[in-house]
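Take a look at the structure below.
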Amino acid sequence: MCEAPPVLTQTTSRVLEPSDLDAALAILDREPVANAFVTSRVQIAGLDPWRLGGEMWGWYEDGMLTSLCYAGANLVPICATPRAIRAFADRARRAGRRCSSIVGPAGSTADLWRLLEPQWGPARDVRRHQPLMVTDRLPDGIPPDPYVRRVRKDEMEKLMPACVAMFTEEVGVSPLAGDGGLLYQARVAELVGSGRAFARFDADGKVVFKAEIGAATDRACQIQGVWVAPEYRGTGLAAPGMAAVLRYALADIAPVASLYVNDFNTAARRTYRRVGFQEVGAFMSVLF
C-alpha cells in the first residue's frame, strides 16, 4: 500500500503518486473535452509512471493541487496557471527533453514553449493554432457511409499502410523510424482490438478512408487519424465517412466527440464543419 504523500503547505511542484489519483482526476474533469487524451490514459493506468508511460507532475498552491503536466512521449500542460507553467518548465529543463512533442491548449502550451525553447529549440515544427472542434449529434443531410465499419483484427496488415501514410503526411516523419514501428504498430493494434479503428475498404481490400477514436472517457472521446487515400480525395468520401465514425462514437463511446486540426488544413476544417463540428478552442503542438 502506498503511503499518503506529505501535506503540502507551500507553493510547490512534485511528481504525483498513485495515492493522488482522485485529486488528479478532479483536475482533469474540469475540462473533459480538452483533457480527454490524458484522462483516458490516467483512468486506465492510474498514476504509476511505468503503467502510465510517463510522470504526472502536480502544482500546489497553499497545499491544494491546482495544475497538472503529463510528461511522457508528449509533454502536456493541463489546467496550468502561469506559476504552474514556470514550475513545469523548470522541472522539464532539469530532466532534459524526453518527449517527441509538446501539445495542449494553445495558451499554456505557448507559454511553456517560450520558457523551454532556449534550451530545447529549435523545434522541427511549431503549429501554434490547431482548432479544437466538438459535436454531440449526427449531422443533418449527410447519411453515414454504410461501408465505413470497425476494422477487424485480421485486417491489421491492410490497415497499417494507411496508418503509416497518414502519420507521415501529418507529422512529417515516418512512425517506422527508430524501433522499426513496433510501438506504433502496437498502438494501432490496441485501437483495432478495442473496436476504435474504422475504415472503408475498396474491392481490392485497400483502405480508402479511415479514422480512429484515439482517446475515450465516459464524458468525451477524441477522433484522430482521419485520412482519405490520395486517389480518392475530392470524391466525397470524407463527410459521409466522418458521419459514420460519429455514429459509432456517439452511440458506443461517449456523448461528445472532439478532434483538433491544423488551421492550414482548410479542406478538413470545411468537412468537419459540414458534419456538425464547432470550434470551441485551440490546441498548439511543438514537434521535435
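We label chains A, B, ... in the order they appear in the C-alpha cells, count residues from 1 in each chain, and number ligands from 1 in the order shown.
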Extract, using only C-alpha atoms, all DNA, RNA and protein residues at most 12 Å from region 81-91 of chain A, discarding same-chain residues fewer than 3 positions from it, and format them as a count of residues only. 43
Among region 80-131 of chain A, which residues does DSSP mark as strand (DSSP E or B) when it is run on the backbone? Keep the chain and numbering as in the structure and answer as a PyMOL selection string. chain A and resi 101-105+125-131
Within 12 Å of region 272-287 of chain A, which residues of region 126-222 of chain A come that close, and what is the closest atom pair and distance in Å for each? Count only C-alpha atoms and give it as a Markdown table.
```
| residue | atom | partner | partner_atom | distance |
| --- | --- | --- | --- | --- |
| A:Val126 | CA | A:Val286 | CA | 4.5 |
| A:Arg127 | CA | A:Ser285 | CA | 5.1 |
| A:Arg128 | CA | A:Met284 | CA | 4.7 |
| A:His129 | CA | A:Met284 | CA | 5.4 |
| A:Gln130 | CA | A:Phe283 | CA | 4.9 |
| A:Pro131 | CA | A:Ala282 | CA | 4.3 |
| A:Leu132 | CA | A:Ala282 | CA | 4.8 |
| A:Met133 | CA | A:Glu279 | CA | 4.3 |
| A:Val134 | CA | A:Phe277 | CA | 5.0 |
| A:Thr135 | CA | A:Phe277 | CA | 4.9 |
| A:Asp136 | CA | A:Phe277 | CA | 8.4 |
| A:Arg137 | CA | A:Gly276 | CA | 7.5 |
| A:Leu138 | CA | A:Gly276 | CA | 7.2 |
| A:Pro139 | CA | A:Val275 | CA | 4.9 |
| A:Asp140 | CA | A:Val275 | CA | 7.7 |
| A:Gly141 | CA | A:Val275 | CA | 8.9 |
| A:Ile142 | CA | A:Val275 | CA | 7.1 |
| A:Pro143 | CA | A:Val275 | CA | 9.8 |
| A:Pro144 | CA | A:Val275 | CA | 9.9 |
| A:Glu170 | CA | A:Leu287 | CA | 11.2 |
| A:Val171 | CA | A:Leu287 | CA | 8.0 |
| A:Gly172 | CA | A:Leu287 | CA | 9.3 |
| A:Val173 | CA | A:Leu287 | CA | 10.2 |
```
How would the residues just chosen look if you wrote them out with N, CA, C and O atoms as a PDB file, in the first residue's frame?
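See out-v7.pdb below for the written result:
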```pdb
ATOM      1  N   VAL A 126       6.390  23.993 -35.414  1.00  0.00           N
ATOM      2  CA  VAL A 126       5.535  24.573 -34.382  1.00  0.00           C
ATOM      3  C   VAL A 126       4.195  24.913 -35.030  1.00  0.00           C
ATOM      4  O   VAL A 126       4.144  25.712 -35.965  1.00  0.00           O
ATOM      5  N   ARG A 127       3.136  24.295 -34.534  1.00  0.00           N
ATOM      6  CA  ARG A 127       1.791  24.533 -35.049  1.00  0.00           C
ATOM      7  C   ARG A 127       1.015  25.258 -33.948  1.00  0.00           C
ATOM      8  O   ARG A 127       0.500  24.645 -33.023  1.00  0.00           O
ATOM      9  N   ARG A 128       0.977  26.577 -34.080  1.00  0.00           N
ATOM     10  CA  ARG A 128       0.520  27.423 -32.984  1.00  0.00           C
ATOM     11  C   ARG A 128      -0.991  27.461 -32.819  1.00  0.00           C
ATOM     12  O   ARG A 128      -1.468  27.789 -31.738  1.00  0.00           O
ATOM     13  N   HIS A 129      -1.720  27.170 -33.867  1.00  0.00           N
ATOM     14  CA  HIS A 129      -3.187  27.288 -33.757  1.00  0.00           C
ATOM     15  C   HIS A 129      -3.823  26.083 -34.448  1.00  0.00           C
ATOM     16  O   HIS A 129      -3.880  26.023 -35.676  1.00  0.00           O
ATOM     17  N   GLN A 130      -4.311  25.147 -33.650  1.00  0.00           N
ATOM     18  CA  GLN A 130      -4.992  23.968 -34.156  1.00  0.00           C
ATOM     19  C   GLN A 130      -6.403  23.957 -33.553  1.00  0.00           C
ATOM     20  O   GLN A 130      -6.576  23.595 -32.384  1.00  0.00           O
ATOM     21  N   PRO A 131      -7.403  24.377 -34.319  1.00  0.00           N
ATOM     22  CA  PRO A 131      -8.747  24.476 -33.771  1.00  0.00           C
ATOM     23  C   PRO A 131      -9.215  23.174 -33.111  1.00  0.00           C
ATOM     24  O   PRO A 131      -9.082  22.091 -33.682  1.00  0.00           O
ATOM     25  N   LEU A 132      -9.766  23.304 -31.913  1.00  0.00           N
ATOM     26  CA  LEU A 132     -10.387  22.195 -31.200  1.00  0.00           C
ATOM     27  C   LEU A 132     -11.874  22.245 -31.517  1.00  0.00           C
ATOM     28  O   LEU A 132     -12.530  23.268 -31.298  1.00  0.00           O
ATOM     29  N   MET A 133     -12.410  21.146 -32.048  1.00  0.00           N
ATOM     30  CA  MET A 133     -13.776  21.110 -32.533  1.00  0.00           C
ATOM     31  C   MET A 133     -14.556  20.004 -31.841  1.00  0.00           C
ATOM     32  O   MET A 133     -13.991  18.936 -31.549  1.00  0.00           O
ATOM     33  N   VAL A 134     -15.839  20.238 -31.595  1.00  0.00           N
ATOM     34  CA  VAL A 134     -16.661  19.250 -30.893  1.00  0.00           C
ATOM     35  C   VAL A 134     -18.045  19.160 -31.526  1.00  0.00           C
ATOM     36  O   VAL A 134     -18.518  20.101 -32.182  1.00  0.00           O
ATOM     37  N   THR A 135     -18.697  18.025 -31.292  1.00  0.00           N
ATOM     38  CA  THR A 135     -20.101  17.860 -31.635  1.00  0.00           C
ATOM     39  C   THR A 135     -20.697  16.799 -30.724  1.00  0.00           C
ATOM     40  O   THR A 135     -19.983  15.925 -30.222  1.00  0.00           O
ATOM     41  N   ASP A 136     -22.002  16.891 -30.527  1.00  0.00           N
ATOM     42  CA  ASP A 136     -22.698  15.905 -29.702  1.00  0.00           C
ATOM     43  C   ASP A 136     -23.884  15.295 -30.449  1.00  0.00           C
ATOM     44  O   ASP A 136     -24.768  14.706 -29.844  1.00  0.00           O
ATOM     45  N   ARG A 137     -23.885  15.453 -31.798  1.00  0.00           N
ATOM     46  CA  ARG A 137     -25.013  14.915 -32.564  1.00  0.00           C
ATOM     47  C   ARG A 137     -24.577  14.566 -33.982  1.00  0.00           C
ATOM     48  O   ARG A 137     -23.551  15.056 -34.468  1.00  0.00           O
ATOM     49  N   LEU A 138     -25.380  13.729 -34.619  1.00  0.00           N
ATOM     50  CA  LEU A 138     -25.122  13.373 -36.005  1.00  0.00           C
ATOM     51  C   LEU A 138     -25.555  14.514 -36.915  1.00  0.00           C
ATOM     52  O   LEU A 138     -26.477  15.268 -36.586  1.00  0.00           O
ATOM     53  N   PRO A 139     -24.914  14.658 -38.062  1.00  0.00           N
ATOM     54  CA  PRO A 139     -25.255  15.771 -38.952  1.00  0.00           C
ATOM     55  C   PRO A 139     -26.588  15.542 -39.662  1.00  0.00           C
ATOM     56  O   PRO A 139     -26.993  14.408 -39.917  1.00  0.00           O
ATOM     57  N   ASP A 140     -27.253  16.634 -39.980  1.00  0.00           N
ATOM     58  CA  ASP A 140     -28.447  16.575 -40.813  1.00  0.00           C
ATOM     59  C   ASP A 140     -28.028  16.608 -42.278  1.00  0.00           C
ATOM     60  O   ASP A 140     -27.163  17.388 -42.669  1.00  0.00           O
ATOM     61  N   GLY A 141     -28.637  15.754 -43.074  1.00  0.00           N
ATOM     62  CA  GLY A 141     -28.413  15.815 -44.512  1.00  0.00           C
ATOM     63  C   GLY A 141     -27.181  15.107 -45.013  1.00  0.00           C
ATOM     64  O   GLY A 141     -26.895  15.154 -46.221  1.00  0.00           O
ATOM     65  N   ILE A 142     -26.404  14.470 -44.138  1.00  0.00           N
ATOM     66  CA  ILE A 142     -25.239  13.709 -44.577  1.00  0.00           C
ATOM     67  C   ILE A 142     -25.354  12.296 -44.006  1.00  0.00           C
ATOM     68  O   ILE A 142     -24.952  12.046 -42.864  1.00  0.00           O
ATOM     69  N   PRO A 143     -25.910  11.367 -44.757  1.00  0.00           N
ATOM     70  CA  PRO A 143     -26.046   9.996 -44.260  1.00  0.00           C
ATOM     71  C   PRO A 143     -24.677   9.368 -44.013  1.00  0.00           C
ATOM     72  O   PRO A 143     -23.742   9.566 -44.787  1.00  0.00           O
ATOM     73  N   PRO A 144     -24.525   8.621 -42.927  1.00  0.00           N
ATOM     74  CA  PRO A 144     -23.260   7.924 -42.685  1.00  0.00           C
ATOM     75  C   PRO A 144     -22.943   6.940 -43.813  1.00  0.00           C
ATOM     76  O   PRO A 144     -23.845   6.270 -44.335  1.00  0.00           O
ATOM     77  N   GLU A 170       0.941  13.735 -41.876  1.00  0.00           N
ATOM     78  CA  GLU A 170       0.509  14.679 -40.851  1.00  0.00           C
ATOM     79  C   GLU A 170       1.673  15.210 -40.023  1.00  0.00           C
ATOM     80  O   GLU A 170       1.767  16.408 -39.746  1.00  0.00           O
ATOM     81  N   VAL A 171       2.547  14.307 -39.589  1.00  0.00           N
ATOM     82  CA  VAL A 171       3.606  14.678 -38.636  1.00  0.00           C
ATOM     83  C   VAL A 171       4.900  15.061 -39.326  1.00  0.00           C
ATOM     84  O   VAL A 171       5.701  15.822 -38.790  1.00  0.00           O
ATOM     85  N   GLY A 172       5.134  14.517 -40.518  1.00  0.00           N
ATOM     86  CA  GLY A 172       6.342  14.863 -41.248  1.00  0.00           C
ATOM     87  C   GLY A 172       7.476  13.888 -41.104  1.00  0.00           C
ATOM     88  O   GLY A 172       8.530  14.069 -41.718  1.00  0.00           O
ATOM     89  N   VAL A 173       7.309  12.857 -40.296  1.00  0.00           N
ATOM     90  CA  VAL A 173       8.292  11.795 -40.157  1.00  0.00           C
ATOM     91  C   VAL A 173       7.549  10.468 -40.136  1.00  0.00           C
ATOM     92  O   VAL A 173       6.366  10.409 -39.797  1.00  0.00           O
TER      93      VAL A 173
END
```
Need the shell around Trp50 (chain A): protein/DNA/RNA residues with any atom at most 12 Å away, counting only C-alpha atoms. Skip same-chain ones fewer than 5 positions apart. Format as a PyMOL selection string? chain A and resi 17-18+42+45+55-56+72
Could those selected residues go to a file with N, CA, C and O atoms, as an mmCIF file, in the first residue's frame?
```cif
data_model
loop_
_atom_site.group_PDB
_atom_site.id
_atom_site.type_symbol
_atom_site.label_atom_id
_atom_site.label_comp_id
_atom_site.auth_asym_id
_atom_site.auth_seq_id
_atom_site.Cartn_x
_atom_site.Cartn_y
_atom_site.Cartn_z
ATOM 1 N N GLU A 17 1.819 10.654 -7.072
ATOM 2 C CA GLU A 17 1.896 9.244 -6.735
ATOM 3 C C GLU A 17 0.518 8.611 -6.905
ATOM 4 O O GLU A 17 -0.494 9.309 -7.031
ATOM 5 N N PRO A 18 0.452 7.264 -6.942
ATOM 6 C CA PRO A 18 -0.853 6.605 -7.098
ATOM 7 C C PRO A 18 -1.910 7.083 -6.117
ATOM 8 O O PRO A 18 -3.098 7.141 -6.460
ATOM 9 N N VAL A 42 -5.005 8.106 -17.772
ATOM 10 C CA VAL A 42 -4.991 8.026 -16.308
ATOM 11 C C VAL A 42 -6.075 7.075 -15.808
ATOM 12 O O VAL A 42 -5.859 6.306 -14.864
ATOM 13 N N ALA A 45 -4.545 3.568 -16.518
ATOM 14 C CA ALA A 45 -3.251 3.202 -15.939
ATOM 15 C C ALA A 45 -3.003 3.758 -14.545
ATOM 16 O O ALA A 45 -2.050 3.342 -13.884
ATOM 17 N N GLU A 55 5.493 10.459 -16.227
ATOM 18 C CA GLU A 55 5.169 11.018 -14.917
ATOM 19 C C GLU A 55 4.033 12.020 -15.033
ATOM 20 O O GLU A 55 3.837 12.659 -16.070
ATOM 21 N N MET A 56 3.306 12.174 -13.940
ATOM 22 C CA MET A 56 2.331 13.258 -13.834
ATOM 23 C C MET A 56 2.856 14.240 -12.798
ATOM 24 O O MET A 56 3.050 13.885 -11.635
ATOM 25 N N GLY A 72 5.404 12.433 -20.702
ATOM 26 C CA GLY A 72 5.684 11.128 -21.282
ATOM 27 C C GLY A 72 6.219 11.333 -22.688
ATOM 28 O O GLY A 72 7.082 12.175 -22.919
#
```
Spatial neighbours of region 239-241 of chain A, max dist 10 Å, only C-alpha atoms, sep filter under 3 positions, as a ChimeraX atom specification: /A:139,141-149,198-200,209-211,226-228,236,244-247,268,270-275
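Taking CA of Ile223 (chain A) as the reference point, CA of Gly104 (chain A) is found at 15.5 Å.
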Check region 35-212 of chain A with DSSP on the backbone and list each residue it calls alpha helix (DSSP H), as a PyMOL selection string. chain A and resi 36-45+49-52+82-95+106-120+156-171+182-193
Output C-alpha atoms of each residue in that selection to a file, as a PDB file, in the first residue's frame.
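Writing done, so here's selection_2.pdb:
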```pdb
ATOM      1  CA  ALA A  36      -9.667  13.609 -22.980  1.00  0.00           C
ATOM      2  CA  PHE A  37      -6.305  12.212 -24.106  1.00  0.00           C
ATOM      3  CA  VAL A  38      -4.626  12.383 -20.709  1.00  0.00           C
ATOM      4  CA  THR A  39      -7.788  11.493 -18.792  1.00  0.00           C
ATOM      5  CA  SER A  40      -8.220   8.302 -20.800  1.00  0.00           C
ATOM      6  CA  ARG A  41      -4.670   7.230 -20.006  1.00  0.00           C
ATOM      7  CA  VAL A  42      -4.991   8.026 -16.308  1.00  0.00           C
ATOM      8  CA  GLN A  43      -8.314   6.208 -15.996  1.00  0.00           C
ATOM      9  CA  ILE A  44      -6.736   3.069 -17.463  1.00  0.00           C
ATOM     10  CA  ALA A  45      -3.251   3.202 -15.939  1.00  0.00           C
ATOM     11  CA  PRO A  49       4.784   6.063 -14.132  1.00  0.00           C
ATOM     12  CA  TRP A  50       5.575   2.624 -15.542  1.00  0.00           C
ATOM     13  CA  ARG A  51       1.934   1.901 -16.403  1.00  0.00           C
ATOM     14  CA  LEU A  52       1.118   5.485 -17.368  1.00  0.00           C
ATOM     15  CA  PRO A  82       1.186  30.890 -15.192  1.00  0.00           C
ATOM     16  CA  ARG A  83       3.029  29.983 -11.967  1.00  0.00           C
ATOM     17  CA  ALA A  84       2.495  26.295 -12.643  1.00  0.00           C
ATOM     18  CA  ILE A  85       3.860  26.669 -16.167  1.00  0.00           C
ATOM     19  CA  ARG A  86       7.047  28.228 -14.820  1.00  0.00           C
ATOM     20  CA  ALA A  87       7.448  25.371 -12.348  1.00  0.00           C
ATOM     21  CA  PHE A  88       6.800  22.740 -15.021  1.00  0.00           C
ATOM     22  CA  ALA A  89       9.305  24.408 -17.343  1.00  0.00           C
ATOM     23  CA  ASP A  90      11.948  24.380 -14.584  1.00  0.00           C
ATOM     24  CA  ARG A  91      11.325  20.681 -13.955  1.00  0.00           C
ATOM     25  CA  ALA A  92      11.408  19.891 -17.689  1.00  0.00           C
ATOM     26  CA  ARG A  93      14.709  21.738 -18.154  1.00  0.00           C
ATOM     27  CA  ARG A  94      16.289  19.835 -15.267  1.00  0.00           C
ATOM     28  CA  ALA A  95      15.076  16.485 -16.585  1.00  0.00           C
ATOM     29  CA  ALA A 106      -2.738  26.867 -27.185  1.00  0.00           C
ATOM     30  CA  GLY A 107      -2.216  29.500 -24.485  1.00  0.00           C
ATOM     31  CA  SER A 108      -0.494  27.381 -21.855  1.00  0.00           C
ATOM     32  CA  THR A 109       1.478  25.416 -24.451  1.00  0.00           C
ATOM     33  CA  ALA A 110       2.787  28.633 -25.995  1.00  0.00           C
ATOM     34  CA  ASP A 111       3.855  29.892 -22.566  1.00  0.00           C
ATOM     35  CA  LEU A 112       5.565  26.594 -21.773  1.00  0.00           C
ATOM     36  CA  TRP A 113       7.373  26.541 -25.117  1.00  0.00           C
ATOM     37  CA  ARG A 114       8.570  30.130 -24.693  1.00  0.00           C
ATOM     38  CA  LEU A 115      10.328  29.087 -21.486  1.00  0.00           C
ATOM     39  CA  LEU A 116      11.738  25.844 -22.920  1.00  0.00           C
ATOM     40  CA  GLU A 117      12.739  26.991 -26.396  1.00  0.00           C
ATOM     41  CA  PRO A 118      16.123  28.478 -25.388  1.00  0.00           C
ATOM     42  CA  GLN A 119      17.272  25.031 -24.175  1.00  0.00           C
ATOM     43  CA  TRP A 120      15.108  22.686 -26.252  1.00  0.00           C
ATOM     44  CA  MET A 156      -4.266  -5.155 -39.421  1.00  0.00           C
ATOM     45  CA  GLU A 157      -1.944  -5.738 -42.397  1.00  0.00           C
ATOM     46  CA  LYS A 158      -4.392  -3.913 -44.666  1.00  0.00           C
ATOM     47  CA  LEU A 159      -4.829  -1.015 -42.250  1.00  0.00           C
ATOM     48  CA  MET A 160      -1.182  -0.387 -41.364  1.00  0.00           C
ATOM     49  CA  PRO A 161      -0.048   1.127 -44.721  1.00  0.00           C
ATOM     50  CA  ALA A 162      -2.850   3.697 -44.471  1.00  0.00           C
ATOM     51  CA  CYS A 163      -1.919   4.492 -40.855  1.00  0.00           C
ATOM     52  CA  VAL A 164       1.745   4.931 -41.770  1.00  0.00           C
ATOM     53  CA  ALA A 165       0.830   7.156 -44.738  1.00  0.00           C
ATOM     54  CA  MET A 166      -1.457   9.322 -42.591  1.00  0.00           C
ATOM     55  CA  PHE A 167       1.113   9.699 -39.799  1.00  0.00           C
ATOM     56  CA  THR A 168       3.936  10.550 -42.198  1.00  0.00           C
ATOM     57  CA  GLU A 169       1.791  13.064 -44.048  1.00  0.00           C
ATOM     58  CA  GLU A 170       0.509  14.679 -40.851  1.00  0.00           C
ATOM     59  CA  VAL A 171       3.606  14.678 -38.636  1.00  0.00           C
ATOM     60  CA  LEU A 182       6.968  -1.644 -33.140  1.00  0.00           C
ATOM     61  CA  LEU A 183       5.437   0.894 -30.739  1.00  0.00           C
ATOM     62  CA  TYR A 184       3.290   2.417 -33.447  1.00  0.00           C
ATOM     63  CA  GLN A 185       2.046  -0.963 -34.619  1.00  0.00           C
ATOM     64  CA  ALA A 186       1.224  -1.895 -31.030  1.00  0.00           C
ATOM     65  CA  ARG A 187      -0.804   1.303 -30.661  1.00  0.00           C
ATOM     66  CA  VAL A 188      -2.752   0.635 -33.862  1.00  0.00           C
ATOM     67  CA  ALA A 189      -3.350  -2.946 -32.731  1.00  0.00           C
ATOM     68  CA  GLU A 190      -4.678  -1.630 -29.409  1.00  0.00           C
ATOM     69  CA  LEU A 191      -7.180   0.606 -31.196  1.00  0.00           C
ATOM     70  CA  VAL A 192      -8.287  -2.196 -33.508  1.00  0.00           C
ATOM     71  CA  GLY A 193      -8.619  -4.602 -30.595  1.00  0.00           C
TER      72      GLY A 193
END
```
